[in-house]
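Text of the file query_6.pdb, holding PDB, C-alpha atoms:
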MODEL        1
ATOM      1  CA  MET C  52       0.000   0.000   0.000
ATOM      2  CA  LYS C  53       1.463   3.362  -1.037
ATOM      3  CA  LYS C  54       1.634   6.137   1.557
ATOM      4  CA  LYS C  55      -1.184   8.177   0.014
ATOM      5  CA  GLU C  56      -3.410   5.095  -0.064
ATOM      6  CA  PHE C  57      -2.456   4.300   3.529
ATOM      7  CA  LEU C  58      -3.422   7.786   4.699
ATOM      8  CA  ALA C  59      -6.835   7.585   3.036
ATOM      9  CA  TRP C  60      -7.418   4.050   4.347
ATOM     10  CA  ASN C  61      -6.413   5.023   7.883
ATOM     11  CA  GLU C  62      -8.811   7.977   7.871
ATOM     12  CA  ARG C  63     -11.674   5.682   6.834
ATOM     13  CA  MET C  64     -10.803   3.163   9.525
ATOM     14  CA  PHE C  65     -10.489   5.809  12.231
ATOM     15  CA  ARG C  66     -13.877   7.287  11.421
ATOM     16  CA  LYS C  67     -15.396   3.793  11.496
ATOM     17  CA  TYR C  68     -13.601   2.520  14.622
ATOM     18  CA  ASN C  69     -12.804   5.484  16.873
ATOM     19  CA  ASN C  70     -11.073   4.651  20.146
ATOM     20  CA  LEU C  71     -13.458   6.305  22.581
ATOM     21  CA  ARG C  72     -16.175   3.722  22.000
ATOM     22  CA  MET C  73     -14.009   1.147  23.817
ATOM     23  CA  TYR C  74     -13.587   3.231  26.973
ATOM     24  CA  ASN C  75     -17.369   3.698  27.152
ATOM     25  CA  HIS C  76     -18.410   0.261  25.873
ATOM     26  CA  PRO C  77     -21.639  -1.319  27.208
ATOM     27  CA  ASN C  78     -19.677  -4.452  28.211
ATOM     28  CA  PRO C  79     -18.189  -3.726  31.688
ATOM     29  CA  LEU C  80     -15.288  -6.154  31.161
ATOM     30  CA  ILE C  81     -14.227  -4.311  28.000
ATOM     31  CA  ARG C  82     -14.426  -0.969  29.819
ATOM     32  CA  TYR C  83     -12.428  -2.380  32.721
ATOM     33  CA  THR C  84      -9.778  -3.845  30.412
ATOM     34  CA  GLU C  85      -9.242  -0.653  28.423
ATOM     35  CA  ASN C  86      -9.122   1.613  31.463
ATOM     36  CA  LYS C  87      -6.773  -0.741  33.305
ATOM     37  CA  ARG C  88      -4.483  -0.662  30.255
ATOM     38  CA  VAL C  89      -4.442   3.132  30.382
ATOM     39  CA  LEU C  90      -3.580   3.130  34.102
ATOM     40  CA  SER C  91      -0.692   0.734  33.448
ATOM     41  CA  VAL C  92       0.608   2.941  30.629
ATOM     42  CA  LEU C  93       0.390   6.098  32.752
ATOM     43  CA  LYS C  94       2.259   4.401  35.582
ATOM     44  CA  GLY C  95       5.180   3.845  33.235
ATOM     45  CA  VAL C  96       5.664   7.564  32.464
ATOM     46  CA  LYS C  97       4.576   9.194  35.724
ATOM     47  CA  ASN C  98       7.971  10.747  36.536
ATOM     48  CA  ALA C  99       8.846  11.975  33.047
ATOM     49  CA  GLU C 100       8.863  15.695  32.254
ATOM     50  CA  ARG C 101       8.652  15.470  28.448
ATOM     51  CA  VAL C 102       6.433  12.702  27.124
ATOM     52  CA  LEU C 103       5.640  11.722  23.545
ATOM     53  CA  ASP C 104       2.391   9.915  22.740
ATOM     54  CA  VAL C 105       2.626   8.317  19.296
ATOM     55  CA  GLY C 106      -0.718   7.401  17.779
ATOM     56  CA  CYS C 107      -2.540   9.523  20.328
ATOM     57  CA  GLY C 108      -5.928   9.282  18.601
ATOM     58  CA  GLU C 109      -8.516  11.468  20.324
ATOM     59  CA  GLY C 110      -6.124  12.094  23.198
ATOM     60  CA  PHE C 111      -7.671   9.857  25.866
ATOM     61  CA  VAL C 112      -4.246   8.768  27.167
ATOM     62  CA  LEU C 113      -2.476  12.017  26.248
ATOM     63  CA  SER C 114      -4.830  14.149  28.340
ATOM     64  CA  ARG C 115      -4.122  11.975  31.394
ATOM     65  CA  ILE C 116      -0.329  12.156  31.239
ATOM     66  CA  ASN C 117       0.995  14.319  34.066
ATOM     67  CA  SER C 118       4.118  16.028  32.711
ATOM     68  CA  LYS C 119       5.420  19.509  31.918
ATOM     69  CA  LEU C 120       5.298  18.833  28.184
ATOM     70  CA  ARG C 121       3.055  16.389  26.368
ATOM     71  CA  VAL C 122       3.360  15.925  22.621
ATOM     72  CA  GLY C 123       0.687  13.954  20.807
ATOM     73  CA  VAL C 124       1.374  12.569  17.341
ATOM     74  CA  ASP C 125      -1.095  10.990  14.975
ATOM     75  CA  ILE C 126      -1.238  10.455  11.235
ATOM     76  CA  SER C 127      -4.992  11.083  11.250
ATOM     77  CA  GLU C 128      -6.235  14.645  10.844
ATOM     78  CA  THR C 129      -9.655  13.522  12.062
ATOM     79  CA  ALA C 130      -8.158  12.157  15.276
ATOM     80  CA  LEU C 131      -6.172  15.274  16.114
ATOM     81  CA  LYS C 132      -9.198  17.521  15.608
ATOM     82  CA  ARG C 133     -10.942  15.563  18.386
ATOM     83  CA  VAL C 134      -8.197  15.990  20.998
ATOM     84  CA  PRO C 135      -9.327  18.287  23.851
ATOM     85  CA  PRO C 136      -7.256  21.500  23.888
ATOM     86  CA  SER C 137      -4.657  22.034  26.616
ATOM     87  CA  ASP C 138      -1.870  24.568  27.269
ATOM     88  CA  SER C 139       0.581  21.844  28.284
ATOM     89  CA  GLN C 140       0.354  19.793  25.106
ATOM     90  CA  ILE C 141       1.409  20.063  21.485
ATOM     91  CA  LEU C 142      -0.265  18.146  18.662
ATOM     92  CA  VAL C 143       1.656  17.093  15.568
ATOM     93  CA  MET C 144       0.310  15.404  12.468
ATOM     94  CA  ALA C 145       3.059  12.986  11.436
ATOM     95  CA  ASP C 146       3.889   9.422  10.473
ATOM     96  CA  ALA C 147       5.012   7.258  13.401
ATOM     97  CA  GLU C 148       7.616   5.707  11.100
ATOM     98  CA  ALA C 149       9.314   9.105  10.559
ATOM     99  CA  LEU C 150       8.901  11.240  13.672
ATOM    100  CA  PRO C 151       9.796  14.940  13.163
ATOM    101  CA  PHE C 152      11.797  15.297  16.390
ATOM    102  CA  SER C 153      15.489  15.520  17.196
ATOM    103  CA  ASP C 154      17.308  12.619  18.804
ATOM    104  CA  SER C 155      16.887  12.091  22.556
ATOM    105  CA  PHE C 156      14.396  14.931  22.972
ATOM    106  CA  PHE C 157      11.865  13.115  25.174
ATOM    107  CA  ASP C 158      12.224  11.521  28.598
ATOM    108  CA  ALA C 159       9.592   8.914  27.781
ATOM    109  CA  ALA C 160       7.250   7.805  25.034
ATOM    110  CA  VAL C 161       3.915   6.037  24.851
ATOM    111  CA  CYS C 162       2.648   3.965  21.940
ATOM    112  CA  THR C 163      -0.511   2.147  22.969
ATOM    113  CA  GLU C 164      -2.619  -0.010  20.622
ATOM    114  CA  VAL C 165      -0.856   1.493  17.603
ATOM    115  CA  LEU C 166       1.772  -0.911  16.248
ATOM    116  CA  GLU C 167      -0.793  -3.288  14.754
ATOM    117  CA  HIS C 168      -2.121  -0.454  12.569
ATOM    118  CA  CYS C 169       1.263   0.575  11.146
ATOM    119  CA  GLN C 170       2.776  -0.570   7.886
ATOM    120  CA  ASN C 171       6.174  -1.208   9.472
ATOM    121  CA  PRO C 172       5.949  -1.553  13.285
ATOM    122  CA  LYS C 173       9.696  -2.098  13.679
ATOM    123  CA  LYS C 174      10.369   1.310  12.094
ATOM    124  CA  VAL C 175       8.055   2.826  14.699
ATOM    125  CA  LEU C 176      10.011   1.204  17.509
ATOM    126  CA  ILE C 177      13.286   2.417  16.004
ATOM    127  CA  GLU C 178      11.897   5.963  15.876
ATOM    128  CA  LEU C 179      10.679   5.769  19.466
ATOM    129  CA  ARG C 180      14.111   4.647  20.619
ATOM    130  CA  ARG C 181      15.740   7.493  18.668
ATOM    131  CA  ALA C 182      13.448  10.161  20.111
ATOM    132  CA  VAL C 183      13.813   9.069  23.766
ATOM    133  CA  ILE C 184      16.890   9.768  25.880
ATOM    134  CA  SER C 185      19.275   6.991  26.807
ATOM    135  CA  GLY C 186      17.902   5.404  29.959
ATOM    136  CA  GLY C 187      14.429   6.799  29.256
ATOM    137  CA  ARG C 188      11.326   4.669  29.029
ATOM    138  CA  ILE C 189       9.124   3.528  26.171
ATOM    139  CA  VAL C 190       5.727   2.097  27.071
ATOM    140  CA  LEU C 191       3.996  -0.031  24.465
ATOM    141  CA  SER C 192       0.714  -1.886  24.500
ATOM    142  CA  ILE C 193      -0.588  -4.435  22.040
ATOM    143  CA  PRO C 194      -3.729  -6.525  21.676
ATOM    144  CA  ASN C 195      -3.187 -10.250  22.192
ATOM    145  CA  GLU C 196      -4.834 -11.015  18.874
ATOM    146  CA  PRO C 197      -4.871 -14.862  19.032
ATOM    147  CA  LEU C 198      -6.615 -14.840  22.418
ATOM    148  CA  ILE C 199      -9.024 -12.080  21.410
ATOM    149  CA  ASN C 200     -10.059 -13.985  18.293
ATOM    150  CA  PHE C 201     -10.486 -17.184  20.322
ATOM    151  CA  ILE C 202     -12.816 -15.407  22.775
ATOM    152  CA  LYS C 203     -14.744 -13.822  19.918
ATOM    153  CA  ASN C 204     -15.167 -17.195  18.198
ATOM    154  CA  VAL C 205     -16.501 -18.771  21.407
ATOM    155  CA  ALA C 206     -18.967 -15.900  21.843
ATOM    156  CA  TRP C 207     -20.021 -16.220  18.190
ATOM    157  CA  ASN C 208     -20.623 -19.964  18.475
ATOM    158  CA  LEU C 209     -22.679 -19.437  21.630
ATOM    159  CA  GLY C 210     -24.769 -16.754  19.945
ATOM    160  CA  LEU C 211     -23.522 -14.087  22.376
ATOM    161  CA  PHE C 212     -21.303 -12.047  20.081
ATOM    162  CA  GLY C 213     -23.787  -9.221  19.437
ATOM    163  CA  PHE C 214     -24.487  -8.925  23.161
ATOM    164  CA  LEU C 215     -20.862  -8.983  24.370
ATOM    165  CA  PHE C 216     -19.115  -7.230  21.473
ATOM    166  CA  GLN C 217     -21.507  -4.517  20.368
ATOM    167  CA  ASN C 218     -19.981  -2.231  17.708
ATOM    168  CA  ILE C 219     -16.862  -4.430  17.494
ATOM    169  CA  PRO C 220     -15.902  -6.365  14.321
ATOM    170  CA  ARG C 221     -15.727 -10.161  14.332
ATOM    171  CA  ARG C 222     -12.004  -9.997  13.516
ATOM    172  CA  GLN C 223     -10.152  -6.676  13.442
ATOM    173  CA  ASP C 224      -7.063  -8.296  11.940
ATOM    174  CA  GLU C 225      -9.101  -8.627   8.761
ATOM    175  CA  GLU C 226      -9.708  -4.891   8.455
ATOM    176  CA  TRP C 227      -7.939  -2.220  10.550
ATOM    177  CA  HIS C 228      -5.143  -4.352  11.979
ATOM    178  CA  LEU C 229      -2.341  -4.774   9.466
ATOM    179  CA  HIS C 230      -0.432  -7.058  11.872
ATOM    180  CA  SER C 231      -1.542  -9.733  14.315
ATOM    181  CA  PHE C 232       0.490  -9.339  17.516
ATOM    182  CA  ASP C 233       1.146 -11.504  20.532
ATOM    183  CA  ILE C 234       3.824 -11.074  23.189
ATOM    184  CA  ASN C 235       6.332 -13.373  21.480
ATOM    185  CA  LYS C 236       6.110 -11.425  18.236
ATOM    186  CA  LEU C 237       6.699  -8.169  20.106
ATOM    187  CA  LYS C 238       9.695  -9.618  21.979
ATOM    188  CA  LYS C 239      11.246 -10.743  18.712
ATOM    189  CA  MET C 240      10.732  -7.313  17.158
ATOM    190  CA  ALA C 241      12.354  -5.636  20.187
ATOM    191  CA  GLU C 242      15.495  -7.803  20.131
ATOM    192  CA  GLY C 243      18.599  -5.655  19.718
ATOM    193  CA  LEU C 244      16.568  -2.426  19.864
ATOM    194  CA  VAL C 245      15.271  -1.986  23.392
ATOM    195  CA  GLU C 246      15.514  -3.809  26.704
ATOM    196  CA  ILE C 247      12.211  -5.100  28.050
ATOM    197  CA  GLU C 248      11.989  -4.345  31.776
ATOM    198  CA  LEU C 249       8.452  -5.436  32.574
ATOM    199  CA  ILE C 250       5.426  -7.012  30.923
ATOM    200  CA  GLU C 251       1.950  -6.586  32.407
ATOM    201  CA  ALA C 252      -0.986  -8.715  31.291
ATOM    202  CA  VAL C 253      -4.292  -6.845  31.134
ATOM    203  CA  PRO C 254      -6.819  -7.243  32.635
ATOM    204  CA  PHE C 255      -5.457 -10.345  34.448
ATOM    205  CA  TRP C 256      -2.444 -12.661  34.147
ATOM    206  CA  PHE C 257      -4.805 -15.541  33.296
ATOM    207  CA  LEU C 258      -6.696 -13.455  30.716
ATOM    208  CA  PRO C 259      -4.041 -11.435  28.833
ATOM    209  CA  VAL C 260      -6.265  -9.650  26.318
ATOM    210  CA  ARG C 261      -3.746  -6.799  26.237
ATOM    211  CA  TYR C 262      -0.045  -6.571  27.071
ATOM    212  CA  VAL C 263       1.562  -3.424  28.422
ATOM    213  CA  VAL C 264       5.324  -3.558  27.936
ATOM    214  CA  PHE C 265       7.892  -1.267  29.579
TER     215      PHE C 265
ENDMDL
END
Would you mind writing the file's structure down as structure tokens?
Amino acid sequence: MKKKEFLAWNERMFRKYNNLRMYNHPNPLIRYTENKRVLSVLKGVKNAERVLDVGCGEGFVLSRINSKLRVGVDISETALKRVPPSDSQILVMADAEALPFSDSFFDAAVCTEVLEHCQNPKKVLIELRRAVISGGRIVLSIPNEPLINFIKNVAWNLGLFGFLFQNIPRRQDEEWHLHSFDINKLKKMAEGLVEIELIEAVPFWFLPVRYVVF
């Protein structure tokens, strides 16, 4: 997919599947999972003064980061227009695979539920490493796609999909997700680039629907 085609496709997907619907979903377990993920991400950057949020969407995570400078980046013009205004944040429309910042400018960076939407996730990780100071922290989160699809298939076979997963596609890796991630795939991608300090399973260790990785 050429870059111009990718931009147009991403805009369509964002308008169809905005992020805020998950934080306010009718299913309490989905709401709990997404908000617990956000709390885990915020914990990872709580002491940083300059924080970069790559793929910030409508700014749900960005607006909750407590730092002197918050910079939100998204490739979607639609997304950035929906971010609540704030004096302590800067919004930049840019490609996560080519961030327009100097080396080692940020103390920490966040990239949550973004890598699976990118054409080249490893390039994104390389850019995050470049933009963050040595010894700084990068916090990633990914959907555990194999487990999510298994749960969805069980719900579908039991006739409960429409009740449990309202306004959620049967399989997102067939439409908006360009990559199907699990923790092993992320570890392999990170080899030689960044050191993984901690992995948190969300919402529970026995039900790792999401992984937050420091």
message: Residues near Phe212 in chain C, anyone? I mean within 9 Å using only C-alpha atoms, not counting same-chain ones fewer than 6 positions away, as a PyMOL selection string.
response: chain C and resi 203-206+221
Could you write those residues out with C-alpha atoms, as a PDB file, in the coordinates of the input?
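Printed below is result10.pdb as written:
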ATOM      1  CA  LYS C 203     -14.744 -13.822  19.918  1.00  0.00           C
ATOM      2  CA  ASN C 204     -15.167 -17.195  18.198  1.00  0.00           C
ATOM      3  CA  VAL C 205     -16.501 -18.771  21.407  1.00  0.00           C
ATOM      4  CA  ALA C 206     -18.967 -15.900  21.843  1.00  0.00           C
ATOM      5  CA  ARG C 221     -15.727 -10.161  14.332  1.00  0.00           C
TER       6      ARG C 221
END
Under the PyMOL selection byres ((chain C and resi 127-132) around 6), which residues of this model are included? Write them out as a PDB file with C-alpha atoms, in the frame of the given file.
ATOM      1  CA  GLU C  62      -8.811   7.977   7.871  1.00  0.00           C
ATOM      2  CA  GLY C 108      -5.928   9.282  18.601  1.00  0.00           C
ATOM      3  CA  GLU C 109      -8.516  11.468  20.324  1.00  0.00           C
ATOM      4  CA  ASP C 125      -1.095  10.990  14.975  1.00  0.00           C
ATOM      5  CA  ILE C 126      -1.238  10.455  11.235  1.00  0.00           C
ATOM      6  CA  ARG C 133     -10.942  15.563  18.386  1.00  0.00           C
ATOM      7  CA  VAL C 134      -8.197  15.990  20.998  1.00  0.00           C
TER       8      VAL C 134
END
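Residue neighbourhood of Leu142 in chain C, excluding near-sequence residues (fewer than 4 positions): Val122, Gly123, Val124 and Leu131 of chain C, at 8 Å, using all atoms listed in the file.
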- prompt: Given the file above and the PyMOL selection byres ((chain C and resi 155) around 12), which residues are selected, and can you give them as a list in words?
  reply: Arg101, Val102, Leu103, Leu150, Phe152, Ser153, Asp154, Phe156, Phe157, Asp158, Ala159, Ala160, Glu178, Leu179, Arg180, Arg181, Ala182, Val183, Ile184, Ser185, Gly186, Gly187 and Arg188 of chain C
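Within 8 Å of Gln217 in chain C, once all atoms listed in the file are used and residues closer than 4 positions along the same chain are dropped, the contacting residues are C:His76, C:Pro77, C:Phe212, C:Gly213.
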task: One decimal, Å: what's the distance from CA of Ala241 in chain C over to CA of Lys97 in chain C, could you say?
output: 22.8 Å
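Restricting the calculation to all atoms listed in the file, the smallest distance between Leu120 in chain C and any of C:Glu196, C:Glu242, C:Glu100, C:Glu85 is found for C:Glu100.
Across the model, the gap from CA of Pro151 in chain C to CA of Asn117 in chain C is 22.7 Å.
The two atoms in question, CA of Ala252 in chain C and CA of Val89 in chain C, are spaced 12.4 Å apart.
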task: Can you give me, as number ranges by chain, the residues this file yields under the PyMOL selection byres ((chain C and resi 248) around 6)?
output: C: 247, 249, 265
query: Looking at only C-alpha atoms, which of C:Leu191, C:Leu113, C:Cys107, C:Leu209 is the one that sits closest to Asn70 in chain C?
result: C:Cys107
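Considering the residues C:Lys119, C:Trp256, C:Asn171, C:Pro220 and counting only C-alpha atoms, Ala147 in chain C has its shortest atom-to-atom contact with C:Asn171.
Among the candidate residues C:Leu166, C:Asn200, C:Arg261, C:Lys87, the one lying nearest to Glu225 in chain C is C:Asn200, with distances computed using all atoms listed in the file.
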- prompt: Hey, which of C:Val263, C:Val105, C:Met144, C:Ala99 ends up closest to Ser118 in chain C? Count all atoms listed in the file.
  reply: C:Ala99
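Across C:Ile141, C:Leu90, C:Leu211, C:Ile199, the tightest approach to Asp224 in chain C is made by C:Ile199 when counting only C-alpha atoms.
Those residues that approach Glu226 in chain C to within 12 Å, counting only C-alpha atoms, are Trp60, Asn61, Arg63, Met64, Phe65, Lys67, Tyr68, Glu167, His168, Ile219, Pro220, Arg221, Arg222, Gln223, Leu229, His230 and Ser231 of chain C; same-chain residues fewer than 3 positions away are not listed.
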With 8 Å added on each side, what axis-aligned box encloses every listed atom of range 196-202 of chain C? Give the centre and edge lengths in Å to one decimal, as AutoDock Vina command-line options.
--center_x -8.8 --center_y -14.1 --center_z 20.5 --size_x 24.0 --size_y 22.2 --size_z 20.5
Who sits within 7 Å of Val260 in chain C, all atoms listed in the file, same chain under 4 positions skipped, as JSON, numbers by chain: {"C": [194, 195, 198, 199, 253, 254]}
